[in-house]
$ cat work_2.cif   # mmCIF, C-alpha atoms
data_query
#
loop_
_atom_site.label_atom_id
_atom_site.label_comp_id
_atom_site.auth_asym_id
_atom_site.auth_seq_id
_atom_site.Cartn_x
_atom_site.Cartn_y
_atom_site.Cartn_z
CA MET L 1 127.95 308.17 253.67
CA LYS L 2 130.34 305.20 253.51
CA ARG L 3 129.68 304.54 257.17
CA ILE L 4 125.93 304.33 256.60
CA ILE L 5 126.40 301.85 253.74
CA ILE L 6 128.71 299.68 255.90
CA ILE L 7 126.16 299.71 258.75
CA CYS L 8 123.39 298.68 256.34
CA ILE L 9 125.43 295.80 254.91
CA GLY L 10 126.29 294.66 258.46
CA LEU L 11 122.62 294.78 259.44
CA LEU L 12 121.67 292.70 256.42
CA ALA L 13 124.31 290.06 257.15
CA THR L 14 123.24 289.80 260.80
CA ILE L 15 119.59 289.33 259.98
CA THR L 16 120.35 286.73 257.32
CA ALA L 17 122.51 284.82 259.82
CA MET L 18 119.67 284.84 262.35
CA ALA L 19 117.57 282.87 259.88
CA GLN L 20 119.95 279.89 260.10
CA GLN L 21 118.78 277.67 262.91
CA GLY L 22 121.25 274.84 262.41
CA LEU L 23 118.68 272.09 262.05
CA ASN L 24 118.84 269.32 259.48
CA ILE L 25 115.14 269.71 258.69
CA ASN L 26 115.82 273.25 257.44
CA SER L 27 116.75 271.71 254.11
CA LEU L 28 113.11 270.65 253.74
CA PHE L 29 111.79 274.16 254.15
CA ASN L 30 111.86 276.98 251.68
CA GLU L 31 113.45 279.67 253.86
CA LYS L 32 112.72 282.26 251.20
CA LEU L 33 109.08 281.85 252.07
CA ILE L 34 109.60 283.45 255.48
CA THR L 35 108.43 286.79 254.28
CA ASP L 36 105.33 287.63 256.18
CA GLU L 37 103.41 286.79 259.33
CA TRP L 38 101.70 283.94 257.57
CA VAL L 39 102.31 282.29 254.27
CA THR L 40 100.88 279.22 252.59
CA GLN L 41 102.34 277.64 249.53
CA GLU L 42 101.31 274.55 247.63
CA LEU L 43 103.90 273.55 245.07
CA ASN L 44 104.94 270.21 243.55
CA GLY L 45 103.13 268.13 246.14
CA LYS L 46 104.48 270.14 249.06
CA THR L 47 102.26 272.23 251.26
CA GLU L 48 104.21 274.62 253.41
CA ILE L 49 102.71 276.84 256.09
CA ILE L 50 104.62 279.49 257.96
CA VAL L 51 103.07 281.47 260.77
CA THR L 52 104.98 284.01 262.84
CA GLY L 53 104.33 287.31 264.62
CA ASN L 54 100.92 288.17 266.00
CA LYS L 55 99.20 285.39 264.08
CA ALA L 56 101.38 282.78 265.76
CA LYS L 57 100.85 284.40 269.15
CA GLU L 58 97.11 283.74 268.85
CA LEU L 59 97.91 280.13 269.76
CA GLY L 60 100.82 280.82 272.07
CA LEU L 61 103.60 280.15 269.57
CA THR L 62 106.19 282.44 268.06
CA THR L 63 107.00 280.30 265.03
CA TYR L 64 105.04 277.56 263.29
CA HIS L 65 106.54 276.07 260.17
CA SER L 66 105.05 272.94 258.66
CA ILE L 67 105.62 271.03 255.49
CA SER L 68 103.47 268.19 254.23
CA VAL L 69 104.87 266.13 251.41
CA THR L 70 102.38 264.13 249.39
CA GLY L 71 102.92 261.22 247.06
CA LYS L 72 106.67 260.88 247.33
CA ALA L 73 108.52 257.59 246.90
CA LYS L 74 109.50 255.56 249.93
CA SER L 75 113.13 256.62 249.51
CA ASP L 76 112.10 260.29 249.75
CA ARG L 77 110.05 259.61 252.86
CA SER L 78 113.02 257.78 254.36
CA ALA L 79 115.25 260.76 253.60
CA ILE L 80 112.86 263.05 255.48
CA GLU L 81 112.71 260.54 258.33
CA ARG L 82 116.50 260.49 258.54
CA LEU L 83 116.69 264.28 258.80
CA VAL L 84 114.13 264.27 261.59
CA ILE L 85 115.90 261.48 263.45
CA LYS L 86 119.20 263.36 263.15
CA ASP L 87 117.67 266.43 264.76
CA GLY L 88 115.82 264.21 267.21
CA SER L 89 119.11 262.76 268.41
CA GLN L 90 119.91 266.20 269.83
CA ALA L 91 116.52 266.45 271.57
CA ILE L 92 116.26 266.76 275.32
CA ASP L 93 113.03 264.76 275.32
CA LYS L 94 111.31 262.60 272.74
CA ASP L 95 108.11 260.67 272.25
CA VAL L 96 108.33 258.35 269.25
CA GLU L 97 106.49 255.40 267.80
CA TYR L 98 107.90 253.04 265.18
CA ARG L 99 105.74 250.89 262.97
CA ASN L 100 107.15 248.20 260.70
CA GLY L 101 110.63 249.47 261.41
CA GLN L 102 109.80 253.00 260.28
CA LEU L 103 109.18 256.10 262.31
CA TYR L 104 105.43 256.61 262.49
CA TYR L 105 105.46 259.69 264.62
CA GLY L 106 108.03 261.61 266.62
CA PHE L 107 107.61 264.51 268.96
CA TYR L 108 110.97 265.98 269.89
CA THR L 109 111.62 268.66 272.45
CA LEU L 110 114.78 270.47 271.42
CA LYS L 111 117.13 272.48 273.56
CA PRO L 112 115.35 275.81 274.06
CA ASN L 113 116.74 279.00 272.64
CA LYS L 114 117.00 282.15 274.75
CA LYS L 115 113.29 282.74 275.23
CA ASN L 116 111.38 279.86 273.68
CA LYS L 117 110.88 276.14 273.80
CA ARG L 118 111.44 274.41 270.46
CA TYR L 119 109.72 271.33 269.06
CA ILE L 120 109.84 269.12 266.01
CA PHE L 121 106.91 266.91 265.13
CA TYR L 122 107.00 264.21 262.46
CA LEU L 123 104.15 262.06 261.19
CA ASN L 124 104.19 259.45 258.44
CA GLN L 125 100.51 258.89 257.68
CA ASN L 126 101.44 256.08 255.35
CA LEU L 127 101.86 253.94 258.47
CA ALA L 128 98.46 254.78 259.97
CA ASN L 129 96.32 251.75 260.80
CA LYS L 130 93.15 253.42 259.71
CA SER L 131 93.02 255.20 256.36
CA PRO L 132 96.75 255.40 255.61
CA LYS L 133 97.65 258.32 253.35
CA ASN L 134 100.76 258.97 251.39
CA ILE L 135 101.60 262.11 253.37
CA VAL L 136 104.60 262.89 255.52
CA THR L 137 104.40 265.96 257.72
CA VAL L 138 107.16 267.79 259.56
CA ILE L 139 106.35 270.71 261.86
CA TYR L 140 108.82 273.00 263.59
CA MET L 141 107.39 275.05 266.45
CA GLU L 142 108.70 277.63 268.88
CA GLY L 143 106.93 279.20 271.80
CA LYS L 144 106.25 279.25 275.49
CA LYS L 145 103.90 276.28 275.46
CA SER L 146 104.73 273.03 277.23
CA PRO L 147 105.13 269.80 275.20
CA GLU L 148 101.71 268.62 276.38
CA GLU L 149 100.07 271.86 275.28
CA VAL L 150 101.75 271.70 271.91
CA LYS L 151 100.67 268.08 271.44
CA LYS L 152 97.09 269.09 272.18
CA LEU L 153 97.41 271.82 269.59
CA ILE L 154 98.38 269.45 266.82
CA ARG L 155 96.20 266.48 267.71
CA LYS L 156 92.50 266.19 266.99
CA MET N 1 111.88 225.32 314.56
CA LYS N 2 108.16 225.19 313.77
CA ARG N 3 108.15 228.98 314.07
CA TYR N 4 110.83 229.20 311.34
CA TYR N 5 108.84 226.88 309.03
CA PHE N 6 105.77 229.02 309.64
CA LEU N 7 107.67 232.26 308.89
CA LEU N 8 109.21 230.75 305.75
CA THR N 9 105.80 229.61 304.56
CA VAL N 10 104.33 233.10 305.12
CA LEU N 11 107.30 234.70 303.34
CA LEU N 12 106.95 232.38 300.34
CA ALA N 13 103.23 233.05 300.19
CA ALA N 14 103.87 236.79 300.31
CA VAL N 15 106.48 236.55 297.54
CA GLN N 16 104.10 234.48 295.43
CA LEU N 17 101.25 236.95 296.05
CA SER N 18 103.57 239.81 295.22
CA ALA N 19 104.64 238.06 292.04
CA GLN N 20 101.02 237.52 291.11
CA ASN N 21 100.30 241.25 291.64
CA ASN N 22 103.13 242.15 289.21
CA ASP N 23 101.54 240.25 286.35
CA THR N 24 100.38 242.47 283.53
CA VAL N 25 96.76 242.01 282.67
CA LYS N 26 95.81 243.54 279.39
CA VAL N 27 92.13 243.69 278.56
CA ILE N 28 91.17 244.82 275.08
CA ASP N 29 87.45 245.16 274.61
CA GLN N 30 86.00 244.21 271.26
CA PRO N 31 89.17 244.09 269.14
CA ARG N 32 88.58 244.51 265.43
CA GLN N 33 91.19 241.95 264.46
CA VAL N 34 93.70 239.70 266.21
CA ILE N 35 96.66 238.45 264.18
CA ILE N 36 98.85 235.69 265.61
CA THR N 37 102.05 234.93 263.78
CA GLU N 38 104.05 231.85 264.67
CA THR N 39 107.65 231.73 263.49
CA PRO N 40 110.54 229.39 264.30
CA THR N 41 111.93 232.07 266.61
CA GLY N 42 108.78 232.95 268.51
CA VAL N 43 105.17 234.08 268.49
CA GLN N 44 103.78 237.51 267.78
CA MET N 45 100.24 238.62 268.52
CA LYS N 46 98.90 241.84 267.11
CA VAL N 47 95.56 243.34 268.14
CA LEU N 48 94.03 245.95 265.89
CA GLY N 49 91.31 248.31 267.11
CA ASP N 50 89.35 248.25 270.31
CA LYS N 51 85.91 249.27 271.49
CA GLN N 52 86.76 252.97 271.67
CA ASP N 53 89.52 253.52 269.12
CA ASP N 54 89.57 251.80 265.78
CA THR N 55 93.19 252.83 265.22
CA TYR N 56 94.49 251.30 268.45
CA THR N 57 97.23 248.68 268.13
CA TYR N 58 98.73 246.34 270.68
CA THR N 59 101.60 244.02 269.83
CA VAL N 60 103.16 241.35 272.03
CA GLN N 61 106.04 239.21 270.87
CA HIS N 62 107.41 236.21 272.70
CA SER N 63 110.80 235.06 271.48
CA THR N 64 112.50 231.72 271.97
CA ASN N 65 115.01 233.33 274.31
CA ASP N 66 112.05 233.86 276.65
CA THR N 67 111.84 237.61 276.26
CA VAL N 68 108.58 239.48 275.75
CA HIS N 69 108.26 242.74 273.85
CA THR N 70 105.07 244.74 273.90
CA SER N 71 104.08 247.97 272.22
CA GLN N 72 100.84 249.84 271.83
CA GLY N 73 99.57 253.01 270.27
CA SER N 74 96.89 254.60 268.15
CA ASP N 75 96.85 256.71 265.03
CA TRP N 76 97.79 260.34 265.38
CA GLU N 77 94.97 262.40 263.94
CA LEU N 78 96.85 265.49 262.90
CA ASN N 79 95.34 268.89 263.43
CA PHE N 80 96.82 271.87 261.66
CA PRO N 81 96.25 274.57 264.27
CA TYR N 82 96.54 277.37 261.76
CA ASN N 83 93.69 276.64 259.47
CA LEU N 84 94.47 277.13 255.82
CA SER N 85 91.26 279.07 255.41
CA PHE N 86 92.61 282.11 257.20
CA THR N 87 95.94 282.17 255.50
CA LYS N 88 96.59 284.39 252.55
CA ASN N 89 97.50 282.85 249.26
CA LYS N 90 100.94 284.26 248.70
CA ASP N 91 101.32 282.68 245.32
CA HIS N 92 102.48 284.97 242.53
CA HIS N 93 99.86 287.52 241.58
CA TRP N 94 99.20 290.97 240.17
CA SER N 95 97.61 293.73 242.18
CA ILE N 96 96.99 297.46 242.26
CA ILE N 97 98.64 299.13 245.24
CA MET N 98 99.12 302.52 246.86
CA ASN N 99 102.15 302.95 249.10
CA GLY N 100 105.25 304.85 250.04
CA PHE N 101 104.57 308.03 251.98
CA TYR N 102 107.96 309.58 252.66
CA MET N 103 109.67 312.61 254.16
CA GLY N 104 113.35 313.32 254.07
CA GLY N 105 116.14 315.84 254.17
CA GLY N 106 119.21 316.51 252.10
CA ILE N 107 122.47 314.85 253.17
CA HIS N 108 124.61 316.02 250.28
CA HIS N 109 124.31 318.92 247.80
CA SER N 110 126.79 319.72 245.09
CA TRP N 111 125.82 323.41 245.09
CA GLU N 112 127.43 325.08 248.11
CA MET N 113 124.78 327.84 248.34
CA ILE N 114 122.18 325.38 249.62
CA ASN N 115 121.63 325.42 253.36
CA ASN N 116 119.33 322.40 253.43
CA SER N 117 116.63 320.64 251.49
CA PHE N 118 113.40 318.92 252.36
CA GLU N 119 111.23 316.56 250.40
CA ILE N 120 107.85 314.92 250.86
CA GLY N 121 105.76 312.73 248.64
CA LEU N 122 103.87 309.59 247.91
CA LEU N 123 105.79 307.13 245.78
CA ASN N 124 102.78 305.31 244.43
CA ILE N 125 99.39 306.96 244.36
CA ALA N 126 98.57 303.95 242.24
CA ALA N 127 100.83 301.23 240.93
CA ILE N 128 100.57 297.87 239.29
CA ASN N 129 102.45 295.36 241.37
CA TYR N 130 103.60 291.82 240.67
CA SER N 131 104.40 289.59 243.66
CA SER N 132 106.29 286.36 243.15
CA HIS N 133 106.02 283.51 245.62
CA HIS N 134 109.66 284.06 246.57
CA GLY N 135 109.10 287.34 248.43
CA GLN N 136 109.82 289.56 245.45
CA ASP N 137 107.71 292.43 244.24
CA ILE N 138 108.07 294.64 241.22
CA SER N 139 105.87 297.66 240.67
CA LEU N 140 105.38 300.48 238.24
CA GLY N 141 103.29 303.39 239.39
CA VAL N 142 102.65 307.07 239.54
CA GLY N 143 103.20 309.30 242.55
CA ILE N 144 103.76 312.87 243.58
CA HIS N 145 106.95 314.51 244.78
CA HIS N 146 107.75 317.88 246.29
CA LYS N 147 111.19 319.19 247.07
CA SER N 148 112.31 322.45 248.60
CA PHE N 149 115.84 323.92 248.72
CA SER N 150 116.62 326.76 251.12
CA LEU N 151 119.63 329.00 250.62
CA LYS N 152 122.27 329.97 253.12
CA ARG N 153 121.74 333.46 254.48
CA PRO N 154 122.11 336.16 253.32
CA ASN N 155 121.83 334.68 249.81
CA MET N 156 118.63 334.93 247.87
CA LEU N 157 117.41 333.69 244.52
CA MET N 158 116.41 336.20 241.87
CA PHE N 159 114.30 335.34 238.88
CA ASP N 160 114.48 337.62 235.88
CA GLU N 161 111.11 337.35 234.18
CA ASN N 162 112.49 338.78 230.93
CA THR N 163 115.34 336.35 230.45
CA ASN N 164 113.83 333.52 232.58
CA VAL N 165 117.18 333.16 234.33
CA VAL N 166 117.48 332.36 238.02
CA SER N 167 120.54 333.83 239.71
CA THR N 168 121.72 334.43 243.24
CA THR N 169 122.41 337.66 245.02
CA PHE N 170 122.54 338.95 248.62
CA TYR N 171 119.58 340.23 250.54
CA PRO N 172 119.77 344.06 250.68
CA ASP N 173 121.57 345.26 253.80
CA ILE N 174 118.67 346.96 255.48
CA ALA N 175 118.99 347.69 259.19
CA ASP N 176 115.73 346.17 260.47
CA ILE N 177 115.30 343.32 257.95
CA LYS N 178 114.75 339.96 259.61
CA GLU N 179 113.65 336.38 258.98
CA ARG N 180 115.18 336.34 255.54
CA THR N 181 114.58 333.08 253.70
CA SER N 182 114.95 332.17 250.09
CA ASN N 183 113.58 328.89 248.78
CA LEU N 184 113.38 327.02 245.54
CA ASN N 185 110.29 324.80 245.44
CA LEU N 186 109.80 321.99 242.95
CA TRP N 187 106.83 319.75 242.19
CA ALA N 188 106.84 316.63 240.10
CA LEU N 189 104.77 313.69 239.09
CA GLN N 190 106.98 310.66 239.57
CA PHE N 191 106.87 307.28 237.87
CA PRO N 192 108.78 304.81 240.03
CA LEU N 193 109.84 301.38 238.80
CA LEU N 194 110.61 299.58 242.04
CA PHE N 195 111.92 296.16 242.92
CA ARG N 196 111.53 294.75 246.41
CA GLN N 197 113.12 291.66 247.89
CA ARG N 198 112.00 290.47 251.28
CA ILE N 199 115.02 289.23 253.18
CA TYR N 200 113.65 287.80 256.38
CA LYS N 201 110.10 287.88 257.67
CA THR N 202 109.07 291.51 257.26
CA PHE N 203 112.55 292.85 256.61
CA ALA N 204 112.93 293.96 253.01
CA ILE N 205 115.20 295.85 250.69
CA ARG N 206 113.95 297.97 247.81
CA LEU N 207 115.74 299.45 244.84
CA GLY N 208 114.44 301.39 241.93
CA GLY N 209 114.57 304.12 239.37
CA ILE N 210 112.19 307.04 239.17
CA MET N 211 111.30 309.19 236.21
CA ASN N 212 110.11 312.65 237.21
CA TRP N 213 107.92 314.93 235.19
CA ASN N 214 108.74 318.29 236.74
CA TYR N 215 105.63 320.32 236.16
CA LYS N 216 106.15 323.26 238.49
CA ALA N 217 109.01 325.26 240.02
CA LEU N 218 108.99 328.56 241.84
CA VAL N 219 111.22 330.84 243.83
CA ASN N 220 110.03 332.28 247.11
CA ASN N 221 111.75 335.02 249.06
CA HIS N 222 110.34 335.82 252.47
CA TYR N 223 111.44 338.56 254.85
CA ILE N 224 110.16 341.08 257.37
CA ILE N 225 111.07 344.75 257.41
CA GLY N 226 109.85 346.53 260.50
CA ASN N 227 106.34 345.25 261.05
CA THR N 228 105.72 344.41 257.42
CA GLU N 229 106.04 340.85 256.16
CA TYR N 230 106.96 340.25 252.54
CA SER N 231 106.59 337.00 250.65
CA ILE N 232 107.47 337.22 246.98
CA THR N 233 106.85 334.22 244.79
CA GLN N 234 107.90 333.93 241.16
CA ASN N 235 107.20 331.06 238.81
CA GLY N 236 107.81 330.23 235.20
CA LEU N 237 111.29 328.88 235.87
CA LYS N 238 113.00 326.99 233.06
CA GLN N 239 113.53 323.61 234.66
CA ASN N 240 114.33 320.28 233.03
CA LYS N 241 110.94 318.71 232.53
CA ILE N 242 112.16 315.12 232.69
CA THR N 243 114.73 313.97 235.24
CA PHE N 244 115.67 310.61 236.71
CA ASP N 245 116.33 309.62 240.31
CA PHE N 246 117.47 306.43 242.01
CA ILE N 247 116.07 305.18 245.28
CA ALA N 248 117.09 302.45 247.74
CA GLY N 249 115.45 301.57 251.02
CA LEU N 250 115.40 299.18 253.95
CA THR N 251 112.12 298.43 255.67
CA LEU N 252 111.00 296.50 258.69
CA GLY N 253 107.28 295.92 258.67
CA HIS N 254 105.61 299.00 257.31
CA THR N 255 108.30 301.55 258.12
CA GLY N 256 111.79 302.10 256.92
CA ILE N 257 114.50 304.40 255.71
CA TYR N 258 115.38 305.39 252.18
CA PHE N 259 118.12 307.11 250.21
CA ARG N 260 117.39 309.02 247.04
CA TYR N 261 119.94 310.21 244.54
CA SER N 262 119.11 312.89 241.99
CA PRO N 263 121.90 313.15 239.43
CA ASN N 264 120.18 315.45 236.93
CA GLU N 265 120.27 319.23 236.86
CA VAL N 266 117.18 321.05 238.08
CA PHE N 267 117.45 323.92 235.60
CA LYS N 268 117.95 323.88 231.90
CA LYS N 269 121.48 324.83 231.00
CA GLY N 270 121.99 328.59 231.27
CA TYR N 271 118.72 329.21 233.12
CA GLY N 272 119.86 328.79 236.69
CA PRO N 273 122.48 327.56 239.11
CA GLU N 274 123.82 324.06 238.64
CA ILE N 275 121.84 322.03 241.19
CA LYS N 276 122.50 318.32 240.65
CA ASN N 277 123.94 315.22 242.33
CA THR N 278 121.83 315.69 245.44
CA TRP N 279 121.34 312.96 248.04
CA THR N 280 118.42 312.79 250.43
CA MET N 281 117.65 310.42 253.25
CA GLY N 282 114.42 310.00 255.13
CA GLY N 283 111.68 307.86 256.59
CA ILE N 284 109.02 306.02 254.67
CA ILE N 285 105.74 304.40 255.64
CA ALA N 286 103.98 301.50 253.90
CA PHE N 287 106.89 301.02 251.57
#
$ encode --input "work_2.cif" --output "C-alpha cells"
Amino acid sequence: MKRIIIICIGLLATITAMAQQGLNINSLFNEKLITDEWVTQELNGKTEIIVTGNKAKELGLTTYHSISVTGKAKSDRSAIERLVIKDGSQAIDKDVEYRNGQLYYGFYTLKPNKKNKRYIFYLNQNLANKSPKNIVTVIYMEGKKSPEEVKKLIRK
Amino acid sequence: MKRYYFLLTVLLAAVQLSAQNNDTVKVIDQPRQVIITETPTGVQMKVLGDKQDDTYTYTVQHSTNDTVHTSQGSDWELNFPYNLSFTKNKDHHWSIIMNGFYMGGGIHHSWEMINNSFEIGLLNIAAINYSSHHGQDISLGVGIHHKSFSLKRPNMLMFDENTNVVSTTFYPDIADIKERTSNLNLWALQFPLLFRQRIYKTFAIRLGGIMNWNYKALVNNHYIIGNTEYSITQNGLKQNKITFDFIAGLTLGHTGIYFRYSPNEVFKKGYGPEIKNTWTMGGIIAF
C-alpha cells in the first residue's frame, strides 16, 4: 500500500514539474487555468485563452496560450514588454518592430523542445497607426508549424 | 597610353553606373500624410499610409554625421485563430452531473475469512456540482453501490432466521460436492460529497467522503452435488443501515483509478462477523 502511495506522489510531482516551461512570460499566465482542452477566462481586464489537445491540433498546434491585457498603465505594459524581450533574447530567430522606442510587435522563434517548435508573439496595439487600442497581447504557441505558417494563423 | 585613358574612362563610367544602380528608390503612392521634422541634428521624414494600406509607415532619418536610417512597416491586424465563440465559458458555475462508473476489487480485508471482494457502482446518478474557475469542482450527489465478499473455501456463511445472526461454518464434507461458493452481497444508495482539483490539463485528483444507506444484504451459498445445482439465498440480515466510506482517485481525461476505504462494520454488533476496515482499488470512468 505504501508503495502505491509513493508512486502516486511521485507521479503528481513529475506532472507538476512538466508544467514549468522556464519562460519569463509564464508569470503573466494563470497556470491553474490549464485544466481542459480549451479554456477562456475574462477577469480584471485580462482575457486568457488556452487551447491544447485535439482542439489545438485542428490548426496544427499543440499548445496555444494567449493573454490580452486591456487598459493597463504604461508601466504595466512596459513590464510585459520587458518579460517578452527577456524571453526573446533567448530566441533563435526574431522579427520585431519598434515604434517610438517601444516594442510594437515581436515574433520570436524559441529553441524547440523535443517534438515541437515554440513561438512567442507580442503586440502592443497602443502603438498602431490606425485605430490604436489600449491592448497588449502575448501569445505562446507550440506545434509543428513553420514561423511563416504561424504568422499567417495570427494575422488577418 | 590612349588605350589606358580609354579603359580608365570605361571603368569610371561602369563604377558610376553601378553606383547609380545601387541607389534606393522608394515610391509611395498616395501617402495619407508626410511629416518632415527638422532638428539641429538632422532631418526626419515620416510617411503615413499609402494607396493600399492605410497603416503603412515609412521613416527616413538623415543625421548630421551623414548617416541615414530607414524603417517601414504596417499595423499588425491580429487574428485570434481559436475563435472565442467555440470556447466554453469555464467561469464558476453550478450544474447537474452524472458520473463515476467504477469497478474494483479488495486489496485489504481485516477479516481473514474473506477470499476476495468485488464492487461496482455509479458514484453519481445525479449530483449538483459547483465548478470554480481555478479547476476545482465540488459535488454532492446520489449513486448506487454494490459490494460482494466471497469466503475462502471450504467456509460458508450461515444465517439463522430465528436469531438473525450470521455465522461461519464449513461446507459439509460430501464426497461429490463441487463448486462451493459462499458470498455476502450488499447494496447501498450512496451520497458522495466529492472535491476535485485539476492539476494539469486533464489530470485531476479527487477526494471525498461517502455516506451509504445500506438497504439490502443477503447471503448466497452455491454448490453442486452430483448433477444437482443448489443456490440458497437468505436475506433479512441485520446490517448497519448507515456507514461512511472515504474515496480518493487520480484521473487522466475520463478514466482513472480510485481507492476506497470502508472503516465501518457491515453488521450490527452481535449479528455477524466483524467485517470492517476494508480497502478496495479499481478503475473509474467519467470521474
$ resolve_selection --input "work_2.cif" --expression "the PyMOL selection byres ((chain N and resi 149) around 6)" --output "number ranges by chain"
N: 117, 148, 150, 183-184
$ residues_around --input "work_2.cif" --residues "Ala128 of chain L" --least-positions-apart "6" --cutoff "9 Å" --atoms "all atoms listed in the file" --output "PDB file with C-alpha atoms, keeping the file's coordinate frame"
ATOM      1  CA  ARG L  99     105.740 250.890 262.970  1.00  0.00           C
ATOM      2  CA  TYR L 104     105.430 256.610 262.490  1.00  0.00           C
TER       3      TYR L 104
ATOM      4  CA  THR N  55      93.190 252.830 265.220  1.00  0.00           C
ATOM      5  CA  SER N  74      96.890 254.600 268.150  1.00  0.00           C
ATOM      6  CA  ASP N  75      96.850 256.710 265.030  1.00  0.00           C
ATOM      7  CA  TRP N  76      97.790 260.340 265.380  1.00  0.00           C
TER       8      TRP N  76
END
$ interface_residues --input "work_2.cif" --of "chain N" --to "chain L" --cutoff "6 Å" --atoms "only C-alpha atoms" --output "list in words"
Thr55, Asp75, Glu77, Leu78, Asn79, Phe80, Asn89, His134, Gly135, Arg198, Tyr200, Lys201 and Thr202 of chain N
$ atom_distance --input "work_2.cif" --atom1 "atom CA of Gly73 of chain N" --atom2 "atom CA of Tyr108 of chain L"
17.3 Å
$ resolve_selection --input "work_2.cif" --expression "the PyMOL selection byres ((chain N and resi 164-176) around 6)" --output "MDAnalysis selection string"
chainID N and resid 154:163 177 225:226 271:272
$ atom_distance --input "work_2.cif" --atom1 "atom CA of Leu151 of chain N" --atom2 "atom CA of Asn115 of chain N"
4.9 Å
$ atom_distance --input "work_2.cif" --atom1 "atom CA of Gly121 of chain N" --atom2 "atom CA of His145 of chain N"
4.4 Å
$ closest_residue --input "work_2.cif" --among "L:Thr63, L:Ser27, L:Thr70, L:Ser75" --to "Tyr82 of chain N" --atoms "all atoms listed in the file"
L:Thr63
$ resolve_selection --input "work_2.cif" --expression "the PyMOL selection byres ((chain L and resi 69) around 9)" --output "count of residues only"
16
$ closest_residue --input "work_2.cif" --among "N:Pro192, N:Gly282, N:Pro263, N:Gly42" --to "Gly141 of chain N" --atoms "all atoms listed in the file"
N:Pro192
$ residues_around --input "work_2.cif" --residues "segment 27-30 of chain N" --least-positions-apart "2" --cutoff "12 Å" --atoms "all atoms listed in the file" --output "list in words"
Thr24, Val25, Arg32, Gln33, Val34, Lys46, Val47, Leu48, Gly49, Asp50, Lys51, Gln52, Asp53, Asp54, Tyr56, Thr57, Tyr58, Thr59 and Gln72 of chain N
$ write_last_selection --input "work_2.cif" --atoms "C-alpha atoms" --output "PDB file, in the coordinates of the input"
ATOM      1  CA  THR N  24     100.380 242.470 283.530  1.00  0.00           C
ATOM      2  CA  VAL N  25      96.760 242.010 282.670  1.00  0.00           C
ATOM      3  CA  ARG N  32      88.580 244.510 265.430  1.00  0.00           C
ATOM      4  CA  GLN N  33      91.190 241.950 264.460  1.00  0.00           C
ATOM      5  CA  VAL N  34      93.700 239.700 266.210  1.00  0.00           C
ATOM      6  CA  LYS N  46      98.900 241.840 267.110  1.00  0.00           C
ATOM      7  CA  VAL N  47      95.560 243.340 268.140  1.00  0.00           C
ATOM      8  CA  LEU N  48      94.030 245.950 265.890  1.00  0.00           C
ATOM      9  CA  GLY N  49      91.310 248.310 267.110  1.00  0.00           C
ATOM     10  CA  ASP N  50      89.350 248.250 270.310  1.00  0.00           C
ATOM     11  CA  LYS N  51      85.910 249.270 271.490  1.00  0.00           C
ATOM     12  CA  GLN N  52      86.760 252.970 271.670  1.00  0.00           C
ATOM     13  CA  ASP N  53      89.520 253.520 269.120  1.00  0.00           C
ATOM     14  CA  ASP N  54      89.570 251.800 265.780  1.00  0.00           C
ATOM     15  CA  TYR N  56      94.490 251.300 268.450  1.00  0.00           C
ATOM     16  CA  THR N  57      97.230 248.680 268.130  1.00  0.00           C
ATOM     17  CA  TYR N  58      98.730 246.340 270.680  1.00  0.00           C
ATOM     18  CA  THR N  59     101.600 244.020 269.830  1.00  0.00           C
ATOM     19  CA  GLN N  72     100.840 249.840 271.830  1.00  0.00           C
TER      20      GLN N  72
END
$ residues_around --input "work_2.cif" --residues "Leu122 of chain N" --least-positions-apart "3" --cutoff "7 Å" --atoms "only C-alpha atoms" --output "NGL selection string"
:N and (99-102 or 125 or 143-145)
$ closest_residue --input "work_2.cif" --among "N:Lys147, N:Ile232, N:Ile210, N:Gln190" --to "Gly106 of chain N" --atoms "only C-alpha atoms"
N:Lys147
$ residues_near_point --input "work_2.cif" --point "(120.3, 270.2, 262.1)" --cutoff "8 Å" --atoms "all atoms listed in the file" --output "count of residues only"
9
$ residues_near_point --input "work_2.cif" --point "(106.0, 273.6, 266.4)" --cutoff "7 Å" --atoms "only C-alpha atoms" --output "MDAnalysis selection string"
chainID L and resid 63:65 118:121 139:142
$ closest_residue --input "work_2.cif" --among "N:Lys241, N:His146, N:His62, N:Lys216" --to "Met103 of chain N" --atoms "all atoms listed in the file"
N:His146
